[in-house]
Amino acid sequence: MWRITIKKLPDKKGYFGQYGGRFVPETLMPALQELEAAYSKTQKDKSFQRELKYLQETYIGRPTPLYFARRLTKHLGGAKIYLKREDLAHTGAHKINNALGQALLAKKMGKKRLIAETGAGQHGVATATGASLVGLECEIYMGSEDVQRQSLNVFRMKLLGAKVNEVNIGSRTLKDAINEALRDWTTNVRTTHYVMGTVFGPHPFPMLVRDFQSIIGREARKQIIKAEGKLPDYLIACVGGGSNAIGLFYEFLNDAVKMVGVEAGGRGIETGEHAARFAGGSIGVFQGCKSYLLQDDDGNVLGTHSVSAGLDYASIGPEHPYLRDMKRVQYTYATDSEALSAFELLSETEGIIPALESAHAIAEAVKLATELPKNKILVVNLSGRGDKDVQQVARIKGIEL
Amino acid sequence: MNRIETTLNRLKADNKKAFIPYIMAGDPDLEKTMEHVMLLAECGADIIELGVPFSDPLADGPTIQRAAERALKAGVTLKRIIPFVKKLRQRTQVPIVLMTYYNPVFKYGEDAFIKDSVKAGIDGVIIPDLPPEEGEDFIKLSRAAKFCTIFLIAPTSTKERIEQIVSACTGFVYYVSITGITGSKLMFEKTFKSHIASVKKSTDKPIAVGFGVSTPEDAKMVSQIADGVIVGSAIVKKFYEHPAGAKEFIRKLREAI
């Protein structure tokens, strides 16, 4: 069952159905109200929108192409696969769409400093880039585990003038980086804007990040109609926090198009070493909002595992469980080994090395395309490029570089 | 009236200020926590805050983060802390307030949490990541059970928010002295006195000040402005690093207030 009428959300309190809200310490509440007001003002501010559009075109390089993956399609022998090439956006991933938007917003709000969390390092790089573009100070929080597996991005952030703080507590990954960034924000809230990197956290972040990312779907919709004269049958995207997925899906929510979100299956759901919130989680309140969460019976957050740092997170943006409840989007997962196979397959057949995050979406596209007839069309969000992952993949394969 | 209100009324009548120490339940285990609570009560604590360990304590600094890690390692969670207080009640009637993040309460079930807490002799709760607007049901259930709900006011709180927060508080109002996390250095902002004065204007409820109060000198200064002084990280640190000196340190804090 696919339902295709979705209300415009969130509501005034920041809820998507029963998910979302604003669960943060009081110190941050006024800042979130201020941010909400400033954001709603910029939406009506023509000069802000003009500047954003100008930079999207001339700095990010939008629109990004929608590419027909001819050889991959032929190799699989089923549905046609199109790739939305967010990997070609400046800095190499969709993250810049949001980071640039928030950097402009922060500047407009008179903030002096940007902070952000990062998992794979793509959002950290994008925020450092945005900060350098608009002339703000920048500090990035990153789990020490992720610093290890994404050393290239750590150096990129430093080159861009950002300070990178390693987080050595908890699981030393994305969730701990968010805790630390929230603590920094609590301390420096008057001068600092927190650039949340995904459609997560307290209201208005899930809405604001979605809006900045929804340009992906707006472009893709026009592009696929131009290429095929019709809408696609499926949209596929990987889901960590879920910003590239919402970014692609949002414009199509009221169209007769099926949508699939792909979580990180890690070493398999049965092993407990994964980040598939819908396969193994339940409703909880974490880092500012109510959503699906990998947690134990006492409400403590469980450790996660994924080969991809960007999907290695215990919760998921609150709009996703809502879309799932509404039966608008289906969620599945790809394991580490499926993602690694897809990583190699796309590299070999198309000459495109995908980010390990995006490789999860490719893995699902491989399964679906094989099952579907040739007249069906899939659009896959290729949310980032894989250069950052090359060293890690070599390590996994036991190859010394 | 529950133990918190009775205690604070008595202090007010005697023109005294409340000493409210915080410790993490289960750091390093519940047997030690029992000893620590008894020591605090013996040294004149008026209300004791018991921290509930959580995996992701985003309002806390390193001292309480590490304490929570130790307590979780010992397997201490809300399900064990509630019966622990029941046992504690055979030995002391000092008012007990839990300080917990919202997710453990949400997972336990709001209604069950309040009922079980009251039955065990817990007098109220502080949930730093539950602002009043998200706690409407929780407040209603707590009122019915005479369970105190203590919300936080921060230096950044606006006038409208202060009004909303004080009206959601029972027992006392928790004023966060600094823009920051627990265990930070106490640095009064210029507006501290005027801001807290505006809080006092909007309520008759007692106001306790916490976050960053770490020495007897800090405690003395705060007690001149507030009705109660909350000391957390400094005590947690003392019990962990130098337990032999804890009693003297706590006595000094008590005397300063």
# chains A, B, ... in the order shown; residues from 1 in each chain; ligands from 1
>>> residues_around(residues="range 159-175 of chain A", least_positions_apart="2", cutoff="8 Å", atoms="only C-alpha atoms", output="number ranges by chain")
A: 117-119, 125, 128-129, 132, 137-147, 154-157, 177-180, 303, 309-310, 312-314; B: 55-56
>>> interface_residues(of="chain A", to="chain B", cutoff="7 Å", atoms="only C-alpha atoms", output="short mmCIF file (atom, residue, chain, number, x, y, z; two decimals) with C-alpha atoms, in the first residue's frame")
data_model
loop_
_atom_site.label_atom_id
_atom_site.label_comp_id
_atom_site.auth_asym_id
_atom_site.auth_seq_id
_atom_site.Cartn_x
_atom_site.Cartn_y
_atom_site.Cartn_z
CA PHE A 23 13.60 18.26 24.02
CA VAL A 24 16.59 20.36 25.04
CA PRO A 25 17.86 22.13 28.16
CA GLU A 26 16.24 25.48 28.86
CA THR A 27 19.43 27.40 27.98
CA PRO A 30 15.29 30.77 23.47
CA ASN A 179 26.43 15.65 22.49
CA LEU A 182 25.24 20.64 21.96
CA ARG A 183 27.33 21.25 25.10
CA THR A 186 24.76 25.53 25.47
CA THR A 187 27.87 27.38 26.63
CA GLY A 284 12.53 7.25 22.14
CA VAL A 285 13.64 10.79 22.88
CA PHE A 286 17.22 11.56 21.99
CA ASP A 298 16.14 1.26 30.32
CA GLY A 299 16.20 3.91 27.62
CA ASN A 300 19.97 4.06 27.30
CA VAL A 301 21.22 4.44 23.78
#
>>> residues_around(residues="Lys80 in chain A", least_positions_apart="2", cutoff="9 Å", atoms="only C-alpha atoms", output="ChimeraX atom specification")
/A:68-70,72-74,77-78,82,369,373-379
>>> closest_residue(among="B:Met34, B:Ile82, B:Ala208, B:Ala41", to="Ala112 in chain B", atoms="only C-alpha atoms")
B:Ile82
>>> select_by_dssp(residues="range 149-211 of chain B", states="alpha helix (DSSP H)", output="list in words")
Lys159, Glu160, Arg161, Ile162, Glu163, Gln164, Ile165, Val166, Ser167, Ala168, Phe192, Lys193, Ser194, His195, Ile196, Ala197, Ser198, Val199, Lys200, Lys201 and Ser202 of chain B
>>> atom_distance(atom1="CA of Lys86 in chain B", atom2="CA of Phe249 in chain B")
27.7 Å
>>> residues_around(residues="range 274-282 of chain A", least_positions_apart="6", cutoff="9 Å", atoms="only C-alpha atoms", output="PDB file with C-alpha atoms, in the first residue's frame")
ATOM      1  CA  GLY A 240      21.505   8.017   8.358  1.00  0.00           C
ATOM      2  CA  VAL A 262      17.991   2.381   3.045  1.00  0.00           C
ATOM      3  CA  GLU A 263      19.467   2.127   6.526  1.00  0.00           C
ATOM      4  CA  ALA A 264      22.789   0.635   7.533  1.00  0.00           C
ATOM      5  CA  GLY A 265      22.436  -3.096   8.178  1.00  0.00           C
ATOM      6  CA  GLY A 266      26.046  -3.310   9.397  1.00  0.00           C
ATOM      7  CA  ARG A 267      27.078  -6.899  10.105  1.00  0.00           C
ATOM      8  CA  GLY A 268      23.426  -7.995  10.025  1.00  0.00           C
ATOM      9  CA  SER A 291      11.854   9.461  16.935  1.00  0.00           C
ATOM     10  CA  TYR A 292      12.953   5.874  16.407  1.00  0.00           C
ATOM     11  CA  LEU A 293      15.960   4.966  18.497  1.00  0.00           C
ATOM     12  CA  LEU A 294      18.246   2.015  19.086  1.00  0.00           C
ATOM     13  CA  GLN A 295      17.994   1.731  22.859  1.00  0.00           C
ATOM     14  CA  ASP A 296      17.931  -0.825  25.655  1.00  0.00           C
ATOM     15  CA  GLY A 303      26.098   1.366  20.291  1.00  0.00           C
ATOM     16  CA  THR A 304      25.794   1.136  16.525  1.00  0.00           C
ATOM     17  CA  HIS A 305      27.958  -0.165  13.751  1.00  0.00           C
ATOM     18  CA  SER A 306      28.232   0.579  10.077  1.00  0.00           C
ATOM     19  CA  LEU A 311      25.034   6.153   8.648  1.00  0.00           C
ATOM     20  CA  ASP A 312      26.450   5.011  11.988  1.00  0.00           C
ATOM     21  CA  TYR A 313      23.877   6.703  14.201  1.00  0.00           C
ATOM     22  CA  ALA A 314      21.360   5.442  16.773  1.00  0.00           C
ATOM     23  CA  SER A 315      18.387   7.568  15.742  1.00  0.00           C
ATOM     24  CA  ILE A 316      16.744   8.941  12.615  1.00  0.00           C
ATOM     25  CA  PRO A 321       9.006   7.461  11.104  1.00  0.00           C
ATOM     26  CA  TYR A 331      12.493   1.452   4.769  1.00  0.00           C
ATOM     27  CA  THR A 332      14.929  -1.357   4.314  1.00  0.00           C
ATOM     28  CA  TYR A 333      18.613  -1.859   4.977  1.00  0.00           C
ATOM     29  CA  THR A 335      24.600  -4.687   5.085  1.00  0.00           C
ATOM     30  CA  ASP A 336      28.256  -3.639   5.094  1.00  0.00           C
TER      31      ASP A 336
END
>>> residues_around(residues="Gln122 in chain A", least_positions_apart="3", cutoff="9 Å", atoms="only C-alpha atoms", output="list in words")
Thr91, Gly92, Ala93, His94, Lys95, Ile96, Thr118, Gly119, Val125, Ala126, Thr127, Asn153, Gly310, Gly384 and Lys388 of chain A
>>> closest_residue(among="B:Ala234, B:Ala71, B:Ala168, B:Ile162", to="Lys201 in chain B", atoms="only C-alpha atoms")
B:Ile162
